[in-house]
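Colleague: File follows, start_25.cif with mmCIF, C-alpha atoms:
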```cif
data_upload
loop_
_atom_site.label_atom_id
_atom_site.label_comp_id
_atom_site.auth_asym_id
_atom_site.auth_seq_id
_atom_site.Cartn_x
_atom_site.Cartn_y
_atom_site.Cartn_z
CA MET I 1 -0.87 -39.76 85.57
CA ARG I 2 0.58 -36.26 85.74
CA VAL I 3 3.78 -34.24 85.56
CA ILE I 4 5.04 -34.03 89.13
CA THR I 5 7.18 -30.89 89.11
CA GLY I 6 8.98 -28.37 86.94
CA THR I 7 7.69 -26.18 84.13
CA ALA I 8 4.77 -28.50 83.34
CA LYS I 9 3.90 -29.29 86.97
CA GLY I 10 0.39 -30.65 87.44
CA LYS I 11 -0.34 -31.22 83.74
CA LYS I 12 -2.31 -34.41 83.18
CA LEU I 13 -0.86 -36.92 80.75
CA LYS I 14 -2.94 -39.03 78.41
CA GLU I 15 -2.50 -42.80 78.62
CA VAL I 16 -2.17 -45.23 75.74
CA PRO I 17 -5.51 -47.00 75.14
CA GLY I 18 -5.60 -50.72 75.96
CA ASN I 19 -3.02 -52.66 77.91
CA THR I 20 -0.07 -52.63 75.51
CA THR I 21 2.00 -50.30 77.70
CA ARG I 22 2.71 -50.29 81.41
CA PRO I 23 3.00 -46.65 82.41
CA ILE I 24 5.18 -45.76 85.36
CA THR I 25 3.21 -44.82 88.47
CA ASP I 26 3.51 -41.29 89.79
CA ARG I 27 5.02 -42.70 93.00
CA THR I 28 7.77 -44.55 91.13
CA LYS I 29 8.40 -41.61 88.82
CA GLU I 30 8.70 -39.27 91.79
CA ALA I 31 11.18 -41.65 93.44
CA LEU I 32 13.21 -41.96 90.22
CA PHE I 33 13.57 -38.21 89.84
CA SER I 34 14.34 -37.80 93.52
CA ILE I 35 17.29 -40.16 92.95
CA LEU I 36 18.39 -38.27 89.83
CA GLY I 37 18.01 -34.91 91.57
CA ASN I 38 19.60 -31.90 89.88
CA TRP I 39 21.66 -34.23 87.70
CA ILE I 40 18.74 -34.21 85.23
CA ILE I 41 19.27 -30.49 84.51
CA GLU I 42 20.82 -30.05 81.05
CA ALA I 43 21.00 -33.84 80.57
CA ARG I 44 20.43 -35.51 77.20
CA MET I 45 18.15 -38.51 77.53
CA LEU I 46 17.09 -41.41 75.32
CA ASP I 47 13.68 -42.80 76.30
CA LEU I 48 13.46 -46.23 74.66
CA PHE I 49 10.03 -47.89 74.41
CA GLY I 50 8.54 -44.43 75.08
CA GLY I 51 4.97 -45.52 75.84
CA THR I 52 3.14 -42.44 77.11
CA GLY I 53 6.34 -40.40 77.24
CA ALA I 54 5.83 -39.80 80.97
CA VAL I 55 9.46 -40.34 82.03
CA GLY I 56 10.99 -38.22 79.28
CA ILE I 57 8.37 -35.51 79.73
CA GLU I 58 9.09 -35.39 83.47
CA ALA I 59 12.80 -35.04 82.61
CA LEU I 60 12.06 -32.14 80.25
CA SER I 61 9.82 -30.47 82.81
CA ARG I 62 12.68 -30.68 85.32
CA GLY I 63 15.22 -29.08 82.97
CA ALA I 64 16.67 -31.82 80.76
CA ALA I 65 18.31 -30.30 77.68
CA HIS I 66 16.81 -32.80 75.23
CA VAL I 67 14.89 -36.08 75.22
CA THR I 68 14.67 -38.46 72.29
CA PHE I 69 11.65 -40.75 72.50
CA VAL I 70 11.66 -44.05 70.59
CA GLU I 71 8.39 -45.90 70.10
CA LEU I 72 7.15 -48.36 67.50
CA ALA I 73 3.41 -48.52 68.26
CA LEU I 74 1.37 -45.88 66.44
CA ALA I 75 -1.15 -45.48 69.30
CA ALA I 76 1.67 -44.78 71.76
CA LEU I 77 3.34 -42.34 69.34
CA ARG I 78 0.13 -40.35 69.11
CA VAL I 79 -0.01 -40.19 72.92
CA ILE I 80 3.63 -39.02 73.15
CA TYR I 81 2.96 -36.24 70.62
CA HIS I 82 -0.25 -35.28 72.45
CA ASN I 83 1.49 -35.22 75.85
CA LEU I 84 4.42 -33.18 74.53
CA GLN I 85 2.00 -30.65 73.03
CA GLN I 86 -0.16 -30.59 76.19
CA THR I 87 2.89 -29.82 78.35
CA ASN I 88 4.49 -27.34 75.89
CA LEU I 89 7.72 -29.36 75.93
CA SER I 90 7.99 -30.28 72.24
CA ALA I 91 10.82 -27.84 71.52
CA ASN I 92 13.43 -29.95 73.30
CA ALA I 93 12.12 -33.34 72.20
CA SER I 94 12.57 -35.64 69.23
CA VAL I 95 10.22 -38.53 68.57
CA ILE I 96 11.38 -41.48 66.50
CA ARG I 97 8.88 -43.99 65.19
CA GLY I 98 10.92 -47.10 65.02
CA ASP I 99 12.39 -50.18 66.56
CA ALA I 100 14.39 -49.50 69.73
CA PHE I 101 17.07 -52.00 68.77
CA LYS I 102 17.63 -50.47 65.34
CA THR I 103 17.87 -47.07 67.00
CA LEU I 104 20.56 -48.40 69.35
CA GLU I 105 22.59 -49.56 66.34
CA GLN I 106 22.79 -46.00 64.98
CA ILE I 107 25.53 -43.61 66.01
CA PRO I 108 24.11 -40.65 67.95
CA SER I 109 25.27 -37.14 67.08
CA ASN I 110 25.84 -36.59 70.81
CA PRO I 111 26.01 -39.27 73.50
CA TYR I 112 23.30 -39.44 76.15
CA HIS I 113 23.63 -38.82 79.86
CA ILE I 114 20.70 -41.18 80.53
CA ILE I 115 19.23 -44.07 78.55
CA TYR I 116 15.89 -45.15 80.01
CA ILE I 117 14.80 -48.69 79.09
CA ALA I 118 11.19 -49.64 79.90
CA PRO I 119 10.06 -52.32 77.43
CA PRO I 120 6.97 -54.54 77.50
CA GLN I 121 7.17 -57.04 80.36
CA TYR I 122 8.30 -60.67 80.27
CA LYS I 123 9.79 -60.64 76.79
CA GLU I 124 13.45 -60.27 77.83
CA LEU I 125 13.61 -57.09 75.75
CA TRP I 126 15.31 -55.20 78.59
CA GLU I 127 18.18 -57.69 78.50
CA LYS I 128 18.67 -57.26 74.77
CA ALA I 129 18.50 -53.45 74.99
CA LEU I 130 20.86 -53.19 77.96
CA THR I 131 23.33 -55.60 76.33
CA MET I 132 23.28 -53.46 73.19
CA VAL I 133 23.95 -50.31 75.25
CA ASP I 134 26.80 -52.15 76.99
CA ARG I 135 28.36 -53.05 73.62
CA ARG I 136 28.06 -49.42 72.46
CA PRO I 137 29.79 -47.31 75.14
CA ASP I 138 29.73 -44.38 72.70
CA LEU I 139 25.97 -44.09 73.30
CA LEU I 140 26.61 -42.74 76.80
CA THR I 141 28.66 -39.82 78.10
CA GLU I 142 31.59 -40.73 80.36
CA ASP I 143 29.38 -40.30 83.44
CA GLY I 144 26.31 -41.69 81.65
CA ILE I 145 23.87 -44.18 83.11
CA ALA I 146 21.29 -46.64 81.86
CA ILE I 147 18.13 -47.15 83.89
CA VAL I 148 15.97 -50.23 83.41
CA GLN I 149 12.32 -50.38 84.51
CA ILE I 150 11.09 -53.98 84.85
CA HIS I 151 8.95 -56.24 87.00
CA PRO I 152 11.09 -57.58 89.89
CA LYS I 153 10.56 -61.18 88.69
CA GLU I 154 12.27 -60.31 85.40
CA PHE I 155 15.59 -59.31 86.94
CA LYS I 156 18.73 -61.34 86.42
CA ASN I 157 22.39 -60.47 86.54
CA LEU I 158 23.81 -59.94 83.08
CA SER I 159 27.40 -60.37 82.00
CA LEU I 160 28.29 -56.81 80.97
CA THR I 161 31.60 -55.31 79.88
CA ASN I 162 31.17 -51.52 80.02
CA LEU I 163 28.27 -51.11 82.44
CA SER I 164 27.83 -52.24 86.00
CA LEU I 165 24.77 -52.40 88.23
CA TYR I 166 25.21 -49.96 91.10
CA ASP I 167 21.70 -49.58 92.54
CA GLN I 168 18.24 -51.13 92.53
CA ARG I 169 15.01 -49.73 93.91
CA LYS I 170 11.72 -51.65 94.17
CA TYR I 171 8.37 -49.86 94.18
CA GLY I 172 5.53 -52.38 94.30
CA SER I 173 5.59 -54.31 91.03
CA THR I 174 8.30 -52.07 89.51
CA LEU I 175 12.04 -52.50 89.85
CA LEU I 176 14.41 -49.73 88.77
CA CYS I 177 17.94 -50.90 88.02
CA PHE I 178 20.72 -48.33 87.63
CA TYR I 179 23.77 -49.15 85.53
CA GLU I 180 26.80 -46.91 85.36
CA LYS I 181 29.53 -46.44 82.84
CA GLY I 182 32.91 -45.92 84.46
CA MET I 183 33.18 -45.04 88.12
CA PHE I 184 30.43 -42.39 88.49
CA HIS I 185 27.69 -42.65 91.14
CA LEU I 186 24.70 -40.37 91.60
CA GLY I 187 24.42 -40.89 95.32
#
```
Do you think you could lay out the structure here as structure tokens?
Modeller:
Amino acid sequence: MRVITGTAKGKKLKEVPGNTTRPITDRTKEALFSILGNWIIEARMLDLFGGTGAVGIEALSRGAAHVTFVELALAALRVIYHNLQQTNLSANASVIRGDAFKTLEQIPSNPYHIIYIAPPQYKELWEKALTMVDRRPDLLTEDGIAIVQIHPKEFKNLSLTNLSLYDQRKYGSTLLCFYEKGMFHLG
């Protein structure tokens, strides 16, 4: 696992020991950021269930203004801190040790352009997180999006009020679902 492009291009990222996280593959991460394109530049991002920090670190490397990582597991937090230090991207990052759902209940000082949701598989945590984001439109900017990373078998249509699914991309055993607020599309 490595940073694909940007200021930290080629830097290797440490993985969380054991099998408690499911890091995004480089192929899927490259596809994700190809979809986001230059829209990531100066974006504020919330990386829920941060894991290794790979997605948020890639965003920072590509010019995101700020990424807030949220992770509960101590081993994963240590890896996020290590990876931020290794890539020299700590200055524009905040790391919160805590529950993702409690974090979503708090009012952000500034709304996010992107909320990335990649929880542990098969626990329906993505549904709970996305539903919470939907109920809190103030978490996202007017053109903000939420991106969910799940196994394709986990997907189901949710009844949402403020967000709508506008794109899905499958990469092997990973499905990326893109939800928009309002009428904005990336593509």
Colleague: Evaluate the PyMOL selection byres ((chain I and resi 7) around 10) on the structure here and hand back the selected residues as a list of chain:residue names.
Modeller: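 When the PyMOL selection byres ((chain I and resi 7) around 10) is applied, the selected residues are I:Val3, I:Ile4, I:Thr5, I:Gly6, I:Ala8, I:Lys9, I:Gly10, I:Lys11, I:Glu58, I:Leu60, I:Ser61, I:Arg62, I:Gly63, I:Thr87, I:Asn88, I:Leu89.
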Colleague: Pick out the closest residue to Pro119 in chain I from this set: I:Thr52, I:Gln149, I:Gln168, I:Ser90. Count all atoms listed in the file.
Modeller: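 Checking each candidate against Pro119 in chain I, we get I:Gln149 as the closest.
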Colleague: Provide the CA of Ala31 in chain I to CA of Ala118 in chain I distance in Å, to one decimal place.
Modeller: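 According to the coordinates, CA of Ala31 in chain I and CA of Ala118 in chain I are separated by 15.7 Å.
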Colleague: Mind giving me the straight-line distance from CA of Ile107 in chain I to CA of Val133 in chain I in Å, one decimal?
Modeller: 11.5 Å
Colleague: Which one of I:Ile40, I:Ile114, I:Leu176, I:Leu77 sits closest to Ala64 in chain I if you count only C-alpha atoms?
Modeller: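 Looking at the shortest contact to Ala64 in chain I, the residue is I:Ile40.
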Colleague: Rounded to one decimal, what separation in Å do you get between CA of Asn157 in chain I and CA of Gly144 in chain I?
Modeller: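 Taking CA of Asn157 in chain I as the start and CA of Gly144 in chain I as the end point, the length is 19.8 Å.
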Colleague: Taking the file as shown, what set of residues would the PyMOL selection byres ((chain I and resi 42-51) around 8) give back, as a PyMOL selection string?
Modeller: chain I and resi 16+21-23+39-41+52-56+63-72+76-77+79-80+100+111-120
Colleague: Edge lengths and centre, in Å to one decimal, as JSON: that's what I need for the box along x, y and z that holds all listed atoms of range 160-172 of chain I plus 3 Å on each side.
Modeller:
```
{"center_x": 18.6, "center_y": -53.2, "center_z": 87.1, "size_x": 32.1, "size_y": 13.2, "size_z": 20.4}
```
Colleague: Find the residues near Glu127 in chain I: any atom within 9 Å, counting all atoms listed in the file, skip ones fewer than 5 places away on the same chain, and give them as an NGL selection string.
Modeller: :I and (132 or 155-156 or 158)
Colleague: List the neighbours of Tyr179 in chain I out to 6 Å using only C-alpha atoms; skip same-chain residues closer than 5 positions along the sequence, and give me the result as number ranges by chain.
Modeller: I: 145-146, 163-166
Colleague: For each of I:Ile35, I:Leu104, I:Ile150, I:Ala59, take the minimum atom-to-atom distance to Gly172 in chain I, counting only C-alpha atoms, then give the residue where this is smallest.
Modeller: I:Ile150
Colleague: Pick from I:Leu125, I:Asp143, I:Leu84, I:Met1: nearest to Phe101 in chain I, with all atoms listed in the file counted?
Modeller: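 Smallest distance to Phe101 in chain I is found for I:Leu125.
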Colleague: Regenerate range 41-62 of chain I at the level of N, CA and C atoms and dump it as a PDB file, in the coordinates of the input.
Modeller:
```
ATOM      1  N   ILE I  41      19.198 -31.813  85.147  1.00  0.00           N
ATOM      2  CA  ILE I  41      19.270 -30.490  84.510  1.00  0.00           C
ATOM      3  C   ILE I  41      20.356 -30.500  83.434  1.00  0.00           C
ATOM      4  N   GLU I  42      19.950 -30.093  82.232  1.00  0.00           N
ATOM      5  CA  GLU I  42      20.820 -30.050  81.050  1.00  0.00           C
ATOM      6  C   GLU I  42      21.245 -31.416  80.536  1.00  0.00           C
ATOM      7  N   ALA I  43      20.656 -32.488  81.040  1.00  0.00           N
ATOM      8  CA  ALA I  43      21.000 -33.840  80.570  1.00  0.00           C
ATOM      9  C   ALA I  43      20.331 -34.133  79.227  1.00  0.00           C
ATOM     10  N   ARG I  44      21.001 -34.970  78.449  1.00  0.00           N
ATOM     11  CA  ARG I  44      20.430 -35.510  77.200  1.00  0.00           C
ATOM     12  C   ARG I  44      19.977 -36.928  77.519  1.00  0.00           C
ATOM     13  N   MET I  45      18.735 -37.235  77.146  1.00  0.00           N
ATOM     14  CA  MET I  45      18.150 -38.510  77.530  1.00  0.00           C
ATOM     15  C   MET I  45      17.567 -39.230  76.316  1.00  0.00           C
ATOM     16  N   LEU I  46      17.718 -40.549  76.299  1.00  0.00           N
ATOM     17  CA  LEU I  46      17.090 -41.410  75.320  1.00  0.00           C
ATOM     18  C   LEU I  46      16.051 -42.233  76.054  1.00  0.00           C
ATOM     19  N   ASP I  47      14.787 -42.080  75.672  1.00  0.00           N
ATOM     20  CA  ASP I  47      13.680 -42.800  76.300  1.00  0.00           C
ATOM     21  C   ASP I  47      13.227 -43.896  75.340  1.00  0.00           C
ATOM     22  N   LEU I  48      13.809 -45.094  75.521  1.00  0.00           N
ATOM     23  CA  LEU I  48      13.460 -46.230  74.660  1.00  0.00           C
ATOM     24  C   LEU I  48      12.104 -46.802  75.072  1.00  0.00           C
ATOM     25  N   PHE I  49      11.370 -47.329  74.134  1.00  0.00           N
ATOM     26  CA  PHE I  49      10.030 -47.890  74.410  1.00  0.00           C
ATOM     27  C   PHE I  49       9.203 -46.808  75.114  1.00  0.00           C
ATOM     28  N   GLY I  50       9.087 -45.644  74.483  1.00  0.00           N
ATOM     29  CA  GLY I  50       8.540 -44.430  75.080  1.00  0.00           C
ATOM     30  C   GLY I  50       7.175 -44.517  75.721  1.00  0.00           C
ATOM     31  N   GLY I  51       6.298 -45.390  75.232  1.00  0.00           N
ATOM     32  CA  GLY I  51       4.970 -45.520  75.840  1.00  0.00           C
ATOM     33  C   GLY I  51       4.197 -44.221  75.822  1.00  0.00           C
ATOM     34  N   THR I  52       3.879 -43.703  76.998  1.00  0.00           N
ATOM     35  CA  THR I  52       3.140 -42.440  77.110  1.00  0.00           C
ATOM     36  C   THR I  52       4.081 -41.229  77.034  1.00  0.00           C
ATOM     37  N   GLY I  53       5.374 -41.490  77.198  1.00  0.00           N
ATOM     38  CA  GLY I  53       6.340 -40.400  77.240  1.00  0.00           C
ATOM     39  C   GLY I  53       6.501 -39.805  78.624  1.00  0.00           C
ATOM     40  N   ALA I  54       5.869 -40.392  79.633  1.00  0.00           N
ATOM     41  CA  ALA I  54       5.830 -39.800  80.970  1.00  0.00           C
ATOM     42  C   ALA I  54       7.206 -39.559  81.584  1.00  0.00           C
ATOM     43  N   VAL I  55       8.137 -40.497  81.413  1.00  0.00           N
ATOM     44  CA  VAL I  55       9.460 -40.340  82.030  1.00  0.00           C
ATOM     45  C   VAL I  55      10.238 -39.223  81.334  1.00  0.00           C
ATOM     46  N   GLY I  56      10.285 -39.256  80.016  1.00  0.00           N
ATOM     47  CA  GLY I  56      10.990 -38.220  79.280  1.00  0.00           C
ATOM     48  C   GLY I  56      10.372 -36.843  79.461  1.00  0.00           C
ATOM     49  N   ILE I  57       9.056 -36.783  79.526  1.00  0.00           N
ATOM     50  CA  ILE I  57       8.370 -35.510  79.730  1.00  0.00           C
ATOM     51  C   ILE I  57       8.677 -34.959  81.127  1.00  0.00           C
ATOM     52  N   GLU I  58       8.710 -35.824  82.119  1.00  0.00           N
ATOM     53  CA  GLU I  58       9.090 -35.390  83.470  1.00  0.00           C
ATOM     54  C   GLU I  58      10.522 -34.840  83.452  1.00  0.00           C
ATOM     55  N   ALA I  59      11.414 -35.513  82.719  1.00  0.00           N
ATOM     56  CA  ALA I  59      12.800 -35.040  82.610  1.00  0.00           C
ATOM     57  C   ALA I  59      12.848 -33.648  81.977  1.00  0.00           C
ATOM     58  N   LEU I  60      12.104 -33.448  80.902  1.00  0.00           N
ATOM     59  CA  LEU I  60      12.060 -32.140  80.250  1.00  0.00           C
ATOM     60  C   LEU I  60      11.496 -31.076  81.178  1.00  0.00           C
ATOM     61  N   SER I  61      10.441 -31.410  81.887  1.00  0.00           N
ATOM     62  CA  SER I  61       9.820 -30.470  82.810  1.00  0.00           C
ATOM     63  C   SER I  61      10.797 -30.042  83.898  1.00  0.00           C
ATOM     64  N   ARG I  62      11.700 -30.949  84.253  1.00  0.00           N
ATOM     65  CA  ARG I  62      12.680 -30.680  85.320  1.00  0.00           C
ATOM     66  C   ARG I  62      13.983 -30.089  84.792  1.00  0.00           C
TER      67      ARG I  62
END
```
